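Novice: What follows is a single structure, and I will ask about it in a moment.
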Amino acid sequence: MNPEQHRLEEARAQGVPWRKWGPYLSERQWGTVREDYSENGDAWNFFTHDHARSRAYRWGEDGIAGISDDKQGLCFALALWNGKDPILKERLFGLTNSEGNHGEDVKEYYFYLDSTPTHSYMKCLYKYPQAAYPYADLVETNRRRTRSDMEYELLDTGVFKGDRYFDVFVEYAKAGPEEILLQITAANRGPDAAELHLLPTLWFRNDWASWIAASNRAVEKPRIEQIKAAAGTSAVAATHSRLGEYILVCDGEAPLLFTENETNNRRLFPSQPDIAPYVKDGINNCVVQGDQGAVNPDKQGTKVAAHYRLTVGPGQSATVRLRLIGQAAAATSGKTKTAPSCFGQEFDKILAARLEEADEFYRSVTPPSVSPDAANVMRQALAGMLWSKQFFFFDGDNWLDEHHSNPLHHGYRYGRNSDWFHMLNEDIISMPDKWEYPWYAAWDLAFHTLPIAIVDPHFAKEQMELMLRGVYLHPNGQLPAYEWNFSDVNPPVHAFATLFLHRTEQALRGETDLDFLKSAFNKLLLNFTWWVNRKDRFGKNVFEGGFLGLDNIGVFDRSAPLPTGGYLEQADGTAWMAFFTQNMAELAVELAAHDRNYEDMVAKFIEHFYFIAAGMNRAGQDGMWDEEDGFYYDLLRLPDGSSTRLKVRSMVGLLPLCATTVVEQWQRERIPKMMAQLTERIRRMPELRDTVHPTGPGHWGVADRGIIALINPERLRRILSKMLDENEFLSPYGIRSLSKFHERNPYVFHANGQEHRVDYLPAESNTGMFGGNSNWRGPVWMPVNAMIIRALLNFYLYYGDNFKIECPTGSGKMMNLFEVSKEIADRLTRIFLRDAQGRRPVYGGTETFQTDPHWRDCILFYEYFHGDNGAGLGASHQTGWTGLVAKIIQLYGLLDPQRILEGGKMAAFGRVAGGR
């Protein structure tokens, strides 16, 4: 067990608080729903970036390369000033949804380079221009551009011309659970000496204000004050009634600038009285405007920055060091607090040791067969997953009260999320992206747990349990979708993730966490019942489901009333539910080994699967399968009772492939009575099995495996022939979300005199549906590709070499389904890896990223990828589910197809084959 694994075990088994401090600050608290107290629900414009430096937040904090404790009482982050910007660089800037020509978008360059799961070592990089940051240019130029134009990026402004910028590296290393070393290194990449103001900042989240008092959460106002320090250092003590005392020691006698984390009413709300003489933007006003009266001369407050004023020569670096010490390690002497001596050789030794331990830890989880470049991609992907943890605070009862829309207190009136008054979210949660999506999304989170489980299975399980707690899960059984609309509908993938985490733990630890399985299963029953009762309105075992996370993939906005009237029977929603039943049946098999009462649940869910399959695979014009095309489509039910298929070849029609589960012989042997019951059910109702994959005696696969799958072998071949066609779904960089067939043949539907159209769009969207900042009409998306890979591996477990198909279609090259899965995986990982010319497809034609040695090995994990050239698109730090590439790299570095067929253990997207 290496040192980092030892820390993880101490945290898991003994409760040692190694995770108490981490990168839990948001990167954008402004513009979020929690901070929106507007009349019209316009979160972006109610609390703007311009307001953020002057206005105290209510529900959280943000910063650059920041950390906090796990309840975000005390925060630390980096502020900078180049002597030219109009404001301190305290938070990341970006465009709002109305400003960006493709929706909201961060306009900064920063990279998560490293992190261990306990955050014992962390490193990130922020690139800061030496010229004035072009705020107005970015807004005005992007506003002029249309959806058919490229986005105007920070590199396009010329602000990095001549390499006149600083690489600012921020490193954290833990000497103990509550003692953190901080090293900030600024490297001048330009040809001339340049001035840089570094302002490491410590502050308390405002949990003492009057609005907090109204919710009975107020605490005694905390305090930060300057204390005595050893020669050549300066220090402050930060005291909080809940946290206790921390001391921050700064190397060098930098001036300490104090203010309060209170709103500057004089600037923003002049009609309201001042809350405090020193306000949130006091340090900004002191440094940038030279207003010495803006900071407290008494050297106390709730926010402080050490002001390092550096001149860094061309090609040179300057380093600043600090140390945050918890009360257990802090030295005090009577009433006179004195900071300990903190720097010198010991500091260097600890920092070097934590980096070495991080290297050792990542060697232990990276297969030796993985190339150095792929190992770098895998490590940065996992670092991004770990840096993307965030403290998320939302008290639904209190928030709705403040909006006068709490049905418990104000009667029913419509308001955003008014049905979610039971919510109390106050946890560390894995975020999709801490700038563009600084709020959780239920189906994203399920995918996050797959790569997180590589490095921290315990935290991954905690994340799965969160959404099923009573303060998240709605009393009716619905999982919360996302902050903008908790009542929207996301695909039901939590049972899959639960099963995956269970299988992973079995492979790693050789044990079953029965409490976790029982708790998750029982609550997932509530969610399953919600789906059956709310999204299968006529009891036909086909599901409507809302937009199901695929945003604008359909002809219509699937979360809104249809322009035709009627409703949609959705191929993806129905396939997700079939998949849900399979996962629940497998979980029930696991639980039945310990508690026979769960045997009935196996039969329940397998029967549900057959009912859903019968509904989905209904013959003729009334079903979703189109025999002529050999593909699944959504079915539009019109008010007069007629129906029509919406013939869009998209990921919607590929998802039925994913409803596939292998049944091992040992699983059947575990529940013989239930197997006999199911056999009798099918004998009496043979129509249930007519269109699904045959299984049972006479149809056992390799190693006597059975299979439960929505599609039979003939349909499997027909779907794969399209999916593996490079003129349809198979991109050089994975499976497209929409077939390239629609580049030549757009789908057009007319309703009420209007044309509704779906074109193949390999890059950004040309529609404002769902904000326009994501696009499912052509690009490659990592999570659904991972689901397809999982399905192919399951089919391979069943068929082995007995099923081969041409890949790519028309190439004459026959592959078994393991080889097909690996071909797709190789194309996905190719997005990030250097090609023969040393270029990474993810960066497209951006030459700085392709050729500059200070940029080319810093990896960004975008939201989705160009369907033809692999370039990154959408949110630039969507490590959340794009971090799945780490799992794919690891998986194919470990898998041996022959051992799979022989029954060797493999944790492959939730499947452990044999090994019993």
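Identifiers in the structure tokens: chain A, B, ... in order shown; residue index from 1 per chain; ligand index from 1 in order shown.
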Find the residues around His693 of chain A up to 10 Å (only C-alpha atoms counted), leave out those fewer than 6 positions away in its own chain, and share them as a ChimeraX atom specification.
Specialist: /A:660,699,706-716
Novice: Using only C-alpha atoms, please write the residues we just selected to a file, as a short mmCIF file (atom, residue, chain, number, x, y, z; two decimals), in the first residue's frame.
Specialist:
data_model
loop_
_atom_site.label_atom_id
_atom_site.label_comp_id
_atom_site.auth_asym_id
_atom_site.auth_seq_id
_atom_site.Cartn_x
_atom_site.Cartn_y
_atom_site.Cartn_z
CA THR A 660 -27.79 -5.60 -22.94
CA HIS A 699 -29.16 -20.57 -26.89
CA GLY A 706 -27.13 -16.23 -21.26
CA ILE A 707 -28.03 -12.77 -22.49
CA ILE A 708 -30.84 -10.30 -21.91
CA ALA A 709 -30.96 -7.84 -24.82
CA LEU A 710 -33.59 -5.67 -26.49
CA ILE A 711 -32.37 -6.54 -29.96
CA ASN A 712 -32.12 -9.92 -31.65
CA PRO A 713 -29.09 -10.99 -33.72
CA GLU A 714 -30.58 -9.83 -37.03
CA ARG A 715 -31.34 -6.34 -35.66
CA LEU A 716 -27.93 -6.24 -34.02
#
Novice: Write out as a ChimeraX atom specification which residues come within 9 Å of segment 20-30 of chain A when counting only C-alpha atoms, dropping same-chain ones fewer than 6 positions away.
Specialist: /A:36,43-44,46-49,51-52,57,59-72,75-77,91-93,118-120,122,177-178,180,386-392,428-429,433-438
Novice: For the selection just defined, write its residues with N, CA and C atoms to a file, as a short mmCIF file (atom, residue, chain, number, x, y, z; two decimals), in the first residue's frame.
Specialist:
data_model
loop_
_atom_site.label_atom_id
_atom_site.label_comp_id
_atom_site.auth_asym_id
_atom_site.auth_seq_id
_atom_site.Cartn_x
_atom_site.Cartn_y
_atom_site.Cartn_z
N ASP A 36 -29.82 33.82 -7.63
CA ASP A 36 -30.80 34.60 -8.40
C ASP A 36 -32.00 34.96 -7.53
N ALA A 43 -31.05 34.56 -14.10
CA ALA A 43 -29.91 34.42 -13.19
C ALA A 43 -28.66 35.09 -13.72
N TRP A 44 -28.41 34.96 -15.04
CA TRP A 44 -27.18 35.51 -15.61
C TRP A 44 -27.08 37.01 -15.42
N PHE A 46 -28.99 38.93 -13.29
CA PHE A 46 -29.27 39.43 -11.95
C PHE A 46 -27.98 39.58 -11.15
N PHE A 47 -27.09 38.59 -11.26
CA PHE A 47 -25.83 38.63 -10.52
C PHE A 47 -24.71 38.40 -11.53
N THR A 48 -24.12 39.49 -11.98
CA THR A 48 -23.17 39.47 -13.09
C THR A 48 -21.73 39.36 -12.59
N HIS A 49 -20.83 39.12 -13.55
CA HIS A 49 -19.41 39.14 -13.24
C HIS A 49 -18.99 40.50 -12.70
N HIS A 51 -20.72 42.51 -10.92
CA HIS A 51 -21.17 42.62 -9.54
C HIS A 51 -20.35 41.74 -8.59
N ALA A 52 -19.78 40.67 -9.13
CA ALA A 52 -19.23 39.63 -8.27
C ALA A 52 -18.11 40.13 -7.36
N TYR A 57 -21.84 36.82 -1.80
CA TYR A 57 -22.71 35.72 -2.21
C TYR A 57 -23.52 35.22 -1.00
N TRP A 59 -24.79 31.74 -1.11
CA TRP A 59 -24.81 30.28 -1.03
C TRP A 59 -23.46 29.61 -1.29
N GLY A 60 -22.45 30.35 -1.65
CA GLY A 60 -21.16 29.73 -1.92
C GLY A 60 -20.14 30.78 -2.29
N GLU A 61 -18.95 30.35 -2.65
CA GLU A 61 -17.86 31.26 -3.03
C GLU A 61 -17.18 30.75 -4.29
N ASP A 62 -16.48 31.65 -4.97
CA ASP A 62 -15.71 31.25 -6.13
C ASP A 62 -14.31 31.86 -6.09
N GLY A 63 -13.41 31.34 -6.91
CA GLY A 63 -12.05 31.85 -6.94
C GLY A 63 -11.22 31.12 -7.98
N ILE A 64 -9.97 31.52 -8.12
CA ILE A 64 -9.04 30.92 -9.07
C ILE A 64 -8.12 29.98 -8.31
N ALA A 65 -8.07 28.72 -8.75
CA ALA A 65 -7.18 27.71 -8.17
C ALA A 65 -7.35 27.61 -6.67
N GLY A 66 -8.60 27.68 -6.21
CA GLY A 66 -8.86 27.82 -4.79
C GLY A 66 -9.13 26.52 -4.07
N ILE A 67 -9.11 26.62 -2.73
CA ILE A 67 -9.44 25.52 -1.85
C ILE A 67 -10.34 26.04 -0.73
N SER A 68 -10.99 25.12 -0.05
CA SER A 68 -11.76 25.47 1.14
C SER A 68 -11.92 24.22 1.98
N ASP A 69 -12.46 24.41 3.19
CA ASP A 69 -12.85 23.24 3.98
C ASP A 69 -14.14 22.68 3.39
N ASP A 70 -14.56 21.51 3.88
CA ASP A 70 -15.67 20.79 3.23
C ASP A 70 -17.04 21.39 3.50
N LYS A 71 -17.14 22.44 4.33
CA LYS A 71 -18.38 23.19 4.48
C LYS A 71 -18.21 24.63 3.98
N GLN A 72 -17.09 24.87 3.37
CA GLN A 72 -16.76 26.17 2.77
C GLN A 72 -16.95 27.31 3.77
N CYS A 75 -11.97 29.98 3.04
CA CYS A 75 -11.60 29.82 1.63
C CYS A 75 -10.23 30.45 1.36
N PHE A 76 -9.53 29.88 0.40
CA PHE A 76 -8.25 30.43 -0.05
C PHE A 76 -8.23 30.34 -1.57
N ALA A 77 -7.79 31.43 -2.22
CA ALA A 77 -7.64 31.41 -3.68
C ALA A 77 -6.62 32.46 -4.08
N ARG A 91 -11.46 36.14 -10.19
CA ARG A 91 -12.32 35.04 -10.63
C ARG A 91 -12.27 34.98 -12.15
N LEU A 92 -12.63 33.83 -12.68
CA LEU A 92 -12.56 33.58 -14.11
C LEU A 92 -13.69 34.30 -14.85
N PHE A 93 -13.34 34.90 -15.95
CA PHE A 93 -14.32 35.64 -16.75
C PHE A 93 -14.84 34.77 -17.90
N THR A 118 -6.96 12.38 -2.04
CA THR A 118 -7.11 13.07 -0.76
C THR A 118 -6.64 14.52 -0.86
N HIS A 119 -6.20 14.93 -2.05
CA HIS A 119 -5.68 16.28 -2.28
C HIS A 119 -4.44 16.54 -1.45
N SER A 120 -3.69 15.47 -1.18
CA SER A 120 -2.41 15.62 -0.49
C SER A 120 -1.41 16.34 -1.39
N MET A 122 -1.69 18.76 -5.12
CA MET A 122 -2.50 19.32 -6.20
C MET A 122 -1.67 20.35 -6.96
N PRO A 177 -3.64 16.39 7.77
CA PRO A 177 -5.01 16.62 7.30
C PRO A 177 -5.42 18.09 7.29
N GLU A 178 -4.89 18.89 8.22
CA GLU A 178 -5.28 20.30 8.29
C GLU A 178 -4.07 21.22 8.30
N ILE A 180 -1.49 22.72 5.30
CA ILE A 180 -1.36 22.74 3.85
C ILE A 180 -0.26 23.72 3.44
N LEU A 386 -10.89 15.29 -10.00
CA LEU A 386 -10.70 15.59 -8.58
C LEU A 386 -10.75 17.09 -8.30
N TRP A 387 -10.23 17.90 -9.20
CA TRP A 387 -10.33 19.36 -9.05
C TRP A 387 -11.77 19.84 -9.19
N SER A 388 -12.62 19.05 -9.84
CA SER A 388 -13.99 19.50 -10.11
C SER A 388 -14.97 19.17 -8.98
N LYS A 389 -14.45 18.79 -7.86
CA LYS A 389 -15.32 18.69 -6.67
C LYS A 389 -15.68 20.10 -6.21
N GLN A 390 -16.89 20.26 -5.71
CA GLN A 390 -17.34 21.59 -5.27
C GLN A 390 -18.29 21.45 -4.10
N PHE A 391 -18.17 22.37 -3.14
CA PHE A 391 -19.17 22.47 -2.08
C PHE A 391 -20.43 23.07 -2.68
N PHE A 392 -21.54 22.35 -2.56
CA PHE A 392 -22.82 22.81 -3.11
C PHE A 392 -23.80 22.97 -1.96
N ILE A 428 -20.03 18.01 -0.62
CA ILE A 428 -19.02 18.06 -1.68
C ILE A 428 -19.51 17.16 -2.80
N ILE A 429 -19.67 17.74 -4.00
CA ILE A 429 -20.26 17.01 -5.13
C ILE A 429 -19.35 17.18 -6.35
N ASP A 433 -18.58 20.81 -14.56
CA ASP A 433 -17.62 21.85 -14.94
C ASP A 433 -17.85 22.98 -13.94
N LYS A 434 -16.81 23.42 -13.25
CA LYS A 434 -17.02 24.37 -12.15
C LYS A 434 -17.19 25.82 -12.62
N TRP A 435 -17.13 26.05 -13.93
CA TRP A 435 -17.47 27.39 -14.43
C TRP A 435 -18.79 27.34 -15.20
N GLU A 436 -18.85 26.52 -16.26
CA GLU A 436 -20.06 26.54 -17.08
C GLU A 436 -21.21 25.79 -16.42
N TYR A 437 -20.91 24.72 -15.69
CA TYR A 437 -21.95 23.94 -15.02
C TYR A 437 -21.59 23.78 -13.54
N PRO A 438 -21.58 24.86 -12.77
CA PRO A 438 -21.18 24.75 -11.35
C PRO A 438 -22.34 24.30 -10.47
#
Novice: Give me the residues within 8 Å of Gly94 of chain A as a list in words, counting only C-alpha atoms and dropping any in the same chain fewer than 4 places off.
Specialist: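 The residues satisfying every condition are Glu104, Asp105, Val106, Lys107 and Glu108 of chain A.
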Novice: Assign secondary structure with DSSP using the backbone only, and return the residues of segment 122-192 of chain A in alpha helix (DSSP H) as a ChimeraX atom specification.
Specialist: /A:135-144
Novice: If we count only C-alpha atoms and set the cut-off at 12 Å, which residues sit around Asp626 of chain A, ignoring sequence neighbours fewer than 3 positions away in its own chain? Please answer as a PyMOL selection string.
Specialist: chain A and resi 571+616-623+629-635+644-649+653+715+718-719
Novice: So, with only C-alpha atoms as the atoms that count, which of A:Arg637, A:Arg379, A:Arg777, A:Lys280 lies closest to Gly554 of chain A?
Specialist: A:Arg777
Novice: Would you compute the distance between atom CA of Cys124 of chain A and atom CA of Lys89 of chain A? Give it in Å to one decimal.
Specialist: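 Value for the atom CA of Cys124 of chain A-atom CA of Lys89 of chain A distance: 16.2 Å.
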Novice: Which residues of segment 301-393 of chain A come within 9 Å of segment 860-876 of chain A, and for each one, what is the closest pair of atoms and their distance in Å to one decimal, counting only C-alpha atoms, sorted by chain and residue number, as CSV?
Specialist:
residue,atom,partner,partner_atom,distance
A:Gln380,CA,A:Leu860,CA,8.6
A:Ala381,CA,A:Phe861,CA,7.2
A:Gly384,CA,A:Phe861,CA,8.3
Novice: Hey, can you check how far atom CA of Thr581 of chain A sits from atom CA of His608 of chain A?
Specialist: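 Atom-to-atom, atom CA of Thr581 of chain A and atom CA of His608 of chain A are spaced 6.6 Å apart.
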Novice: Please provide as a PyMOL selection string all residues within 6 Å of segment 811-821 of chain A, with the sequence filter that same-chain residues fewer than 4 positions apart are discarded (counting only C-alpha atoms).
Specialist: chain A and resi 789+792-793+796+801+803-807
Novice: Which residue, A:Val139, A:Val287, A:Met150, A:Val312, has the smallest gap to Ala79 of chain A when you use only C-alpha atoms?
Specialist: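 Under the stated criterion, the closest residue is A:Val287.
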